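With mmCIF, C-alpha atoms and all ligand atoms inside, this is target19.cif:
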data_final
loop_
_atom_site.label_atom_id
_atom_site.label_comp_id
_atom_site.auth_asym_id
_atom_site.auth_seq_id
_atom_site.Cartn_x
_atom_site.Cartn_y
_atom_site.Cartn_z
CA MET A 226 172.16 -127.07 -20.02
CA GLY A 227 172.15 -127.12 -23.81
CA GLY A 228 170.61 -130.58 -23.86
CA VAL A 229 167.72 -129.53 -21.60
CA THR A 230 166.91 -126.52 -23.81
CA GLN A 231 166.86 -128.73 -26.87
CA LYS A 232 164.38 -131.13 -25.27
CA MET A 233 162.01 -128.32 -24.29
CA THR A 234 162.05 -126.97 -27.84
CA ASP A 235 161.18 -130.39 -29.20
CA THR A 236 158.24 -130.63 -26.81
CA VAL A 237 156.80 -127.31 -27.97
CA LYS A 238 157.16 -128.27 -31.64
CA SER A 239 155.20 -131.47 -31.11
CA VAL A 240 152.04 -129.82 -29.69
CA PRO A 241 149.40 -131.41 -31.92
CA ILE A 242 147.17 -128.32 -32.30
CA LEU A 243 149.79 -126.76 -34.61
CA SER A 244 148.85 -129.34 -37.24
CA SER A 245 145.08 -129.00 -36.74
CA PRO A 246 143.25 -128.79 -40.09
CA GLY A 247 140.93 -126.10 -38.74
CA ILE A 248 137.18 -125.85 -39.16
CA GLN A 249 135.80 -125.87 -42.69
CA ALA A 250 132.53 -124.75 -44.22
CA VAL A 251 131.31 -124.63 -47.80
CA VAL A 252 128.55 -123.07 -49.85
CA VAL A 253 127.32 -123.92 -53.34
CA LEU A 254 125.96 -120.81 -55.04
CA ARG A 255 123.21 -120.90 -57.62
CA ASP A 256 120.50 -118.64 -58.97
CA PRO A 257 117.04 -119.87 -57.95
CA ASN A 258 115.70 -118.00 -61.00
CA ASN A 259 117.80 -120.15 -63.36
CA GLY A 260 120.36 -117.45 -64.09
CA GLN A 261 123.94 -118.18 -65.05
CA VAL A 262 125.85 -117.08 -61.94
CA CYS A 263 126.97 -120.12 -59.96
CA GLY A 264 129.94 -121.38 -58.03
CA GLN A 265 131.45 -122.57 -54.79
CA VAL A 266 133.01 -120.81 -51.81
CA ASP A 267 135.09 -122.49 -49.12
CA PHE A 268 135.74 -121.16 -45.62
CA LEU A 269 138.62 -122.37 -43.46
CA GLN A 270 138.99 -121.09 -39.90
CA ALA A 271 142.54 -121.48 -38.60
CA ASP A 272 143.45 -121.92 -34.94
CA ASP A 273 144.07 -118.17 -34.63
CA GLY A 274 140.42 -117.52 -35.63
CA ILE A 275 141.28 -115.99 -39.02
CA VAL A 276 139.02 -117.31 -41.79
CA THR A 277 140.34 -117.90 -45.30
CA VAL A 278 137.67 -117.42 -47.95
CA SER A 279 138.35 -118.99 -51.34
CA GLY A 280 136.21 -119.73 -54.32
CA GLU A 281 135.31 -119.65 -57.97
CA ILE A 282 132.15 -118.08 -59.31
CA LYS A 283 131.20 -118.39 -62.97
CA ASN A 284 129.63 -115.83 -65.28
CA ILE A 285 131.05 -112.73 -63.62
CA PRO A 286 132.20 -110.54 -66.58
CA ASP A 287 135.95 -109.96 -66.80
CA LYS A 288 137.16 -107.07 -64.58
CA GLN A 289 133.70 -106.34 -63.25
CA LYS A 290 132.98 -106.21 -59.52
CA ARG A 291 129.98 -107.79 -57.82
CA GLY A 292 128.86 -107.34 -54.21
CA PHE A 293 129.64 -110.41 -52.09
CA HIS A 294 128.12 -110.75 -48.62
CA ILE A 295 127.01 -113.04 -45.83
CA HIS A 296 123.26 -112.55 -45.33
CA GLU A 297 121.53 -113.35 -42.08
CA PHE A 298 119.31 -116.33 -42.91
CA GLY A 299 120.10 -119.72 -44.42
CA ASP A 300 116.68 -119.60 -46.02
CA THR A 301 116.13 -119.80 -49.78
CA THR A 302 112.43 -120.69 -49.64
CA ASN A 303 111.69 -117.50 -51.58
CA GLY A 304 114.85 -117.50 -53.66
CA CYS A 305 117.70 -115.29 -52.50
CA THR A 306 115.20 -112.75 -51.08
CA SER A 307 114.51 -114.87 -47.99
CA ALA A 308 118.20 -114.79 -47.06
CA GLY A 309 117.31 -111.44 -45.44
CA ALA A 310 119.66 -108.50 -44.93
CA HIS A 311 123.43 -108.44 -44.49
CA TYR A 312 124.40 -110.36 -41.35
CA ASN A 313 124.72 -107.53 -38.82
CA PRO A 314 124.17 -108.58 -35.19
CA ASP A 315 125.94 -105.44 -33.91
CA ASN A 316 123.70 -103.00 -35.81
CA ASN A 317 126.52 -101.23 -37.61
CA ASP A 318 126.35 -99.32 -40.89
CA HIS A 319 127.25 -101.10 -44.11
CA ALA A 320 130.93 -100.73 -45.00
CA GLY A 321 133.83 -102.57 -46.60
CA PRO A 322 135.79 -105.58 -45.37
CA GLN A 323 138.74 -103.43 -44.27
CA ASP A 324 136.63 -101.08 -42.15
CA VAL A 325 136.68 -101.46 -38.37
CA LEU A 326 132.93 -100.85 -38.11
CA ARG A 327 131.00 -102.92 -40.65
CA HIS A 328 128.37 -105.59 -40.96
CA ILE A 329 129.91 -108.97 -40.14
CA GLY A 330 128.66 -110.00 -43.58
CA ASP A 331 130.48 -107.26 -45.48
CA LEU A 332 133.01 -109.14 -47.60
CA GLY A 333 133.14 -106.43 -50.29
CA ASN A 334 133.32 -107.45 -53.94
CA ILE A 335 134.46 -110.33 -56.05
CA VAL A 336 136.03 -109.51 -59.41
CA GLY A 337 135.52 -111.34 -62.69
CA GLY A 338 138.61 -112.62 -64.45
CA SER A 339 139.58 -114.57 -67.54
CA GLY A 340 136.79 -116.74 -68.89
CA ASN A 341 134.35 -114.60 -66.89
CA VAL A 342 135.23 -116.50 -63.72
CA ALA A 343 135.81 -114.72 -60.42
CA LYS A 344 138.57 -116.55 -58.52
CA PHE A 345 139.53 -115.37 -55.07
CA ASN A 346 141.38 -116.29 -51.90
CA PHE A 347 141.50 -113.81 -49.04
CA LYS A 348 141.52 -113.72 -45.26
CA ASP A 349 138.95 -112.09 -43.00
CA SER A 350 139.30 -111.61 -39.24
CA VAL A 351 135.64 -110.68 -38.59
CA ILE A 352 133.59 -113.64 -39.84
CA LYS A 353 133.73 -116.80 -37.69
CA LEU A 354 132.70 -120.44 -38.20
CA THR A 355 132.26 -120.96 -34.45
CA GLY A 356 130.73 -119.11 -31.50
CA PRO A 357 127.61 -116.97 -31.10
CA HIS A 358 128.17 -115.06 -34.36
CA SER A 359 129.03 -118.05 -36.52
CA ILE A 360 128.15 -117.70 -40.20
CA VAL A 361 127.39 -121.43 -40.55
CA GLY A 362 123.70 -121.82 -41.39
CA ARG A 363 123.55 -118.34 -42.95
CA SER A 364 123.85 -117.46 -46.65
CA VAL A 365 126.31 -116.11 -49.18
CA VAL A 366 124.80 -113.75 -51.77
CA VAL A 367 126.37 -112.48 -55.03
CA HIS A 368 124.80 -109.27 -56.31
CA GLU A 369 124.11 -107.81 -59.74
CA LYS A 370 126.25 -104.68 -59.18
CA GLU A 371 129.39 -103.47 -57.45
CA ASP A 372 129.23 -102.82 -53.70
CA ASP A 373 130.24 -99.18 -53.02
CA LEU A 374 131.45 -100.23 -49.53
CA GLY A 375 129.37 -97.55 -47.81
CA GLN A 376 131.06 -94.72 -49.75
CA GLY A 377 128.18 -94.03 -52.17
CA GLY A 378 126.99 -90.86 -50.46
CA ASN A 379 123.37 -91.92 -49.97
CA ALA A 380 121.32 -93.74 -47.34
CA GLU A 381 121.18 -97.02 -49.27
CA SER A 382 124.98 -97.08 -49.42
CA LYS A 383 125.06 -97.39 -45.61
CA LYS A 384 122.61 -100.31 -45.77
CA THR A 385 123.49 -102.39 -48.83
CA GLY A 386 126.29 -100.62 -50.72
CA ASN A 387 123.88 -100.14 -53.63
CA ALA A 388 124.79 -103.61 -54.87
CA GLY A 389 121.37 -104.16 -56.42
CA GLY A 390 119.57 -107.47 -57.00
CA ARG A 391 120.67 -110.95 -56.00
CA MET A 392 122.19 -113.09 -58.76
CA ALA A 393 123.05 -116.20 -56.78
CA CYS A 394 123.00 -117.49 -53.22
CA GLY A 395 123.49 -120.57 -51.10
CA VAL A 396 123.46 -121.77 -47.50
CA ILE A 397 126.78 -122.14 -45.68
CA GLY A 398 127.17 -125.65 -44.29
CA ILE A 399 129.79 -127.72 -42.47
CA LYS A 400 132.18 -129.18 -45.02
CA LYS A 401 132.90 -132.89 -45.31
CA ASN A 402 136.67 -133.25 -44.93
CU CU A 501 124.35 -108.89 -50.12
ZN ZN A 502 126.57 -104.77 -45.34
#
Starting from the coordinates I provided, produce the structure as structure tokens.
Ligand SMILES: [Cu+2]
Ligand SMILES: [Zn+2]
Amino acid sequence: MGGVTQKMTDTVKSVPILSSPGIQAVVVLRDPNNGQVCGQVDFLQADDGIVTVSGEIKNIPDKQKRGFHIHEFGDTTNGCTSAGAHYNPDNNDHAGPQDVLRHIGDLGNIVGGSGNVAKFNFKDSVIKLTGPHSIVGRSVVVHEKEDDLGQGGNAESKKTGNAGGRMACGVIGIKKN
């Protein structure tokens, strides 16, 4: 009996999907108006659908927050403006990443650190790299101000978080492994 149990356990452990590298996407951020904010963000979707977002963005002043979103279009033909609004296929109000009802694109803020570099690594269960609401082919935008996460007490807060202008952007693409 013990021997049979051991064999079954071994079989489960060897299921190859457990070692799957997941699906990866990447975006290079730059300012089309030749500003200083630039960087790279990586997205890794694990088998459970959770996406890890990690990156480094330069020229974000130490301890300052900057709005950080997925916008609906992967279009920079008119700078970051043509990236459109926050990606929001469900027509929700703007909110923060921890809110149940939010724009899919609402990833909150990045925070500057030492050397004026914002380094981050967090998980998000709303954005996806696959399926009908995939963010691949859309844009990441870094804003000039802090995102108030929908708590600003005015109409604009429920649309954009009052994050102001667009300092850098880039189109999310499939990453070369
Ligand atoms: Cu934005
Ligand atoms: Zn939003």
Quick one: everything within 8 Å of Lys353 (chain A), counting all atoms listed in the file, minus sequence neighbours fewer than 3 positions away in the same chain. Send it as a tab-separated table (two decimals) with C-alpha atoms, in the coordinates of the input.
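As written to disk, out_29.tsv reads:
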chain	number	residue	atom	x	y	z
A	270	GLN	CA	138.99	-121.09	-39.90
A	274	GLY	CA	140.42	-117.52	-35.63
A	275	ILE	CA	141.28	-115.99	-39.02
A	276	VAL	CA	139.02	-117.31	-41.79
A	350	SER	CA	139.30	-111.61	-39.24
A	356	GLY	CA	130.73	-119.11	-31.50
A	358	HIS	CA	128.17	-115.06	-34.36
A	359	SER	CA	129.03	-118.05	-36.52
A	360	ILE	CA	128.15	-117.70	-40.20
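Proximity to ligand ZN 502 (chain A) was assessed for A:Asp324, A:Asp267, A:Asp331, A:Asp349 counting only C-alpha atoms and all ligand atoms; the smallest distance is recorded for A:Asp331.
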Residues within 8 Å of His311 (chain A), please, as a VMD selection string. Count only C-alpha atoms; anything in the same chain fewer than 4 positions from it doesn't count.
chain A and resid 294 to 297 328 to 331 385
So that I can check the surroundings of Asn258 (chain A), please list as a VMD selection string every protein, DNA and RNA residue that reaches within 10 Å of it, counting all atoms listed in the file and ignoring chain neighbours fewer than 6 positions away.
chain A and resid 304 to 305 391 to 393
Taking all atoms listed in the file into account, which residues are within 12 Å of ligand CU 501 (chain A), as JSON, numbers by chain?
{"A": [291, 292, 293, 294, 295, 296, 297, 298, 305, 306, 307, 308, 309, 310, 311, 312, 313, 319, 320, 321, 328, 329, 330, 331, 332, 333, 334, 335, 363, 364, 365, 366, 367, 368, 369, 370, 371, 372, 373, 374, 382, 384, 385, 386, 387, 388, 389, 390, 391, 392, 393, 394, 395]}
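Reported to one decimal place, the separation of CA of Phe268 (chain A) from CA of Asn317 (chain A) is 23.4 Å.
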Determine, for each residue of region 312-350 of chain A having at least one atom at most 9 Å from an atom of region 277-290 of chain A, the closest pair of atoms and their separation in Å to one decimal, counting all atoms listed in the file; order by chain and ascending number, as JSON lines.
{"residue": "A:Asn334", "atom": "CA", "partner": "A:Lys290", "partner_atom": "CA", "distance": 5.7}
{"residue": "A:Ile335", "atom": "CA", "partner": "A:Lys290", "partner_atom": "CA", "distance": 5.6}
{"residue": "A:Val336", "atom": "CA", "partner": "A:Lys290", "partner_atom": "CA", "distance": 4.5}
{"residue": "A:Gly337", "atom": "CA", "partner": "A:Asp287", "partner_atom": "CA", "distance": 4.4}
{"residue": "A:Gly338", "atom": "CA", "partner": "A:Asp287", "partner_atom": "CA", "distance": 4.4}
{"residue": "A:Ser339", "atom": "CA", "partner": "A:Asp287", "partner_atom": "CA", "distance": 5.9}
{"residue": "A:Gly340", "atom": "CA", "partner": "A:Asp287", "partner_atom": "CA", "distance": 7.1}
{"residue": "A:Asn341", "atom": "CA", "partner": "A:Pro286", "partner_atom": "CA", "distance": 4.6}
{"residue": "A:Val342", "atom": "CA", "partner": "A:Lys283", "partner_atom": "CA", "distance": 4.5}
{"residue": "A:Ala343", "atom": "CA", "partner": "A:Ile282", "partner_atom": "CA", "distance": 5.1}
{"residue": "A:Lys344", "atom": "CA", "partner": "A:Glu281", "partner_atom": "CA", "distance": 4.5}
{"residue": "A:Phe345", "atom": "CA", "partner": "A:Ser279", "partner_atom": "CA", "distance": 5.3}
{"residue": "A:Asn346", "atom": "CA", "partner": "A:Ser279", "partner_atom": "CA", "distance": 4.1}
{"residue": "A:Phe347", "atom": "CA", "partner": "A:Val278", "partner_atom": "CA", "distance": 5.4}
{"residue": "A:Lys348", "atom": "CA", "partner": "A:Thr277", "partner_atom": "CA", "distance": 4.3}
{"residue": "A:Asp349", "atom": "CA", "partner": "A:Thr277", "partner_atom": "CA", "distance": 6.4}
{"residue": "A:Ser350", "atom": "CA", "partner": "A:Thr277", "partner_atom": "CA", "distance": 8.8}
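With all atoms listed in the file as the atoms that count, the minimum distance from ligand ZN 502 (chain A) to the choices A:Pro322, A:Asn379, A:Val396, A:Pro357 is reached by A:Pro322.
Rounded to one decimal, CA of Val351 (chain A) and CA of Gly264 (chain A) lie 22.9 Å from each other.
Each of A:Val266, A:Leu326, A:Val253, A:Val361 was compared to ligand ZN 502 (chain A) using all atoms listed in the file, and A:Leu326 turns out to be the nearest.
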Quick one: distance from CA of Thr355 (chain A) to CA of Asp300 (chain A) in Å, one decimal?
19.5 Å
Residues near Gly247 (chain A), anyone? I mean within 9 Å using all atoms listed in the file, not counting same-chain ones fewer than 6 positions away, as a PDB file with C-alpha atoms, in the coordinates of the input.
ATOM      1  CA  LEU A 269     138.620-122.370 -43.460  1.00  0.00           C
ATOM      2  CA  GLN A 270     138.990-121.090 -39.900  1.00  0.00           C
ATOM      3  CA  ALA A 271     142.540-121.480 -38.600  1.00  0.00           C
ATOM      4  CA  ASP A 272     143.450-121.920 -34.940  1.00  0.00           C
TER       5      ASP A 272
END
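Distance annotation: of A:Gly260, A:Gly362, A:Gly375, A:Gly299, the residue with the minimal separation from ligand ZN 502 (chain A) is A:Gly375; atom set is all atoms listed in the file.
Candidate residues A:Asn259, A:Lys383, A:Thr302, A:Leu354 were compared for distance to Arg327 (chain A), and the nearest is A:Lys383, using all atoms listed in the file.
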Would you output region 354-379 of chain A from that structure, restricted to N, CA and C atoms, as an mmCIF file, in the first residue's frame?
data_model
loop_
_atom_site.group_PDB
_atom_site.id
_atom_site.type_symbol
_atom_site.label_atom_id
_atom_site.label_comp_id
_atom_site.auth_asym_id
_atom_site.auth_seq_id
_atom_site.Cartn_x
_atom_site.Cartn_y
_atom_site.Cartn_z
ATOM 1 N N LEU A 354 -2.170 38.662 -19.582
ATOM 2 C CA LEU A 354 -1.402 38.680 -20.829
ATOM 3 C C LEU A 354 -2.033 37.800 -21.895
ATOM 4 N N THR A 355 -3.158 37.181 -21.554
ATOM 5 C CA THR A 355 -3.870 36.297 -22.485
ATOM 6 C C THR A 355 -5.356 36.603 -22.409
ATOM 7 N N GLY A 356 -6.119 36.086 -23.376
ATOM 8 C CA GLY A 356 -7.577 36.201 -23.322
ATOM 9 C C GLY A 356 -8.091 37.508 -23.888
ATOM 10 N N PRO A 357 -9.422 37.686 -23.836
ATOM 11 C CA PRO A 357 -10.057 38.842 -24.490
ATOM 12 C C PRO A 357 -9.650 40.185 -23.903
ATOM 13 N N HIS A 358 -9.196 40.232 -22.661
ATOM 14 C CA HIS A 358 -8.801 41.494 -22.040
ATOM 15 C C HIS A 358 -7.284 41.587 -21.836
ATOM 16 N N SER A 359 -6.561 40.915 -22.709
ATOM 17 C CA SER A 359 -5.097 40.947 -22.611
ATOM 18 C C SER A 359 -4.575 42.381 -22.743
ATOM 19 N N ILE A 360 -3.519 42.674 -21.983
ATOM 20 C CA ILE A 360 -2.899 44.007 -22.067
ATOM 21 C C ILE A 360 -1.806 44.069 -23.140
ATOM 22 N N VAL A 361 -1.473 42.925 -23.747
ATOM 23 C CA VAL A 361 -0.439 42.930 -24.791
ATOM 24 C C VAL A 361 -0.952 43.730 -25.990
ATOM 25 N N GLY A 362 -0.126 44.643 -26.484
ATOM 26 C CA GLY A 362 -0.538 45.526 -27.573
ATOM 27 C C GLY A 362 -1.115 46.840 -27.085
ATOM 28 N N ARG A 363 -1.237 46.989 -25.770
ATOM 29 C CA ARG A 363 -1.696 48.255 -25.181
ATOM 30 C C ARG A 363 -0.474 48.986 -24.626
ATOM 31 N N SER A 364 -0.674 50.046 -23.859
ATOM 32 C CA SER A 364 0.469 50.862 -23.419
ATOM 33 C C SER A 364 0.589 50.953 -21.905
ATOM 34 N N VAL A 365 1.800 51.197 -21.456
ATOM 35 C CA VAL A 365 2.045 51.626 -20.076
ATOM 36 C C VAL A 365 2.347 53.121 -20.129
ATOM 37 N N VAL A 366 1.735 53.882 -19.205
ATOM 38 C CA VAL A 366 1.992 55.318 -19.101
ATOM 39 C C VAL A 366 2.437 55.651 -17.675
ATOM 40 N N VAL A 367 3.492 56.468 -17.564
ATOM 41 C CA VAL A 367 3.919 57.051 -16.281
ATOM 42 C C VAL A 367 3.547 58.523 -16.302
ATOM 43 N N HIS A 368 2.892 58.979 -15.222
ATOM 44 C CA HIS A 368 2.363 60.343 -15.184
ATOM 45 C C HIS A 368 3.249 61.312 -14.426
ATOM 46 N N GLU A 369 2.901 62.597 -14.543
ATOM 47 C CA GLU A 369 3.708 63.644 -13.900
ATOM 48 C C GLU A 369 3.398 63.810 -12.418
ATOM 49 N N LYS A 370 2.248 63.285 -11.964
ATOM 50 C CA LYS A 370 1.836 63.464 -10.567
ATOM 51 C C LYS A 370 1.388 62.132 -9.966
ATOM 52 N N GLU A 371 1.130 62.186 -8.667
ATOM 53 C CA GLU A 371 0.614 61.024 -7.945
ATOM 54 C C GLU A 371 -0.830 60.741 -8.338
ATOM 55 N N ASP A 372 -1.163 59.469 -8.475
ATOM 56 C CA ASP A 372 -2.537 59.020 -8.687
ATOM 57 C C ASP A 372 -3.241 58.984 -7.321
ATOM 58 N N ASP A 373 -4.381 59.672 -7.206
ATOM 59 C CA ASP A 373 -5.116 59.691 -5.920
ATOM 60 C C ASP A 373 -6.007 58.459 -5.738
ATOM 61 N N LEU A 374 -5.949 57.529 -6.658
ATOM 62 C CA LEU A 374 -6.640 56.226 -6.578
ATOM 63 C C LEU A 374 -8.160 56.362 -6.474
ATOM 64 N N GLY A 375 -8.692 57.454 -7.017
ATOM 65 C CA GLY A 375 -10.141 57.647 -6.997
ATOM 66 C C GLY A 375 -10.666 58.275 -5.727
ATOM 67 N N GLN A 376 -9.735 58.655 -4.810
ATOM 68 C CA GLN A 376 -10.136 59.201 -3.508
ATOM 69 C C GLN A 376 -10.000 60.722 -3.442
ATOM 70 N N GLY A 377 -9.863 61.384 -4.591
ATOM 71 C CA GLY A 377 -9.580 62.820 -4.608
ATOM 72 C C GLY A 377 -10.775 63.715 -4.365
ATOM 73 N N GLY A 378 -11.983 63.156 -4.377
ATOM 74 C CA GLY A 378 -13.171 63.942 -4.065
ATOM 75 C C GLY A 378 -13.657 64.824 -5.195
ATOM 76 N N ASN A 379 -13.218 64.581 -6.418
ATOM 77 C CA ASN A 379 -13.769 65.321 -7.564
ATOM 78 C C ASN A 379 -13.986 64.362 -8.742
#
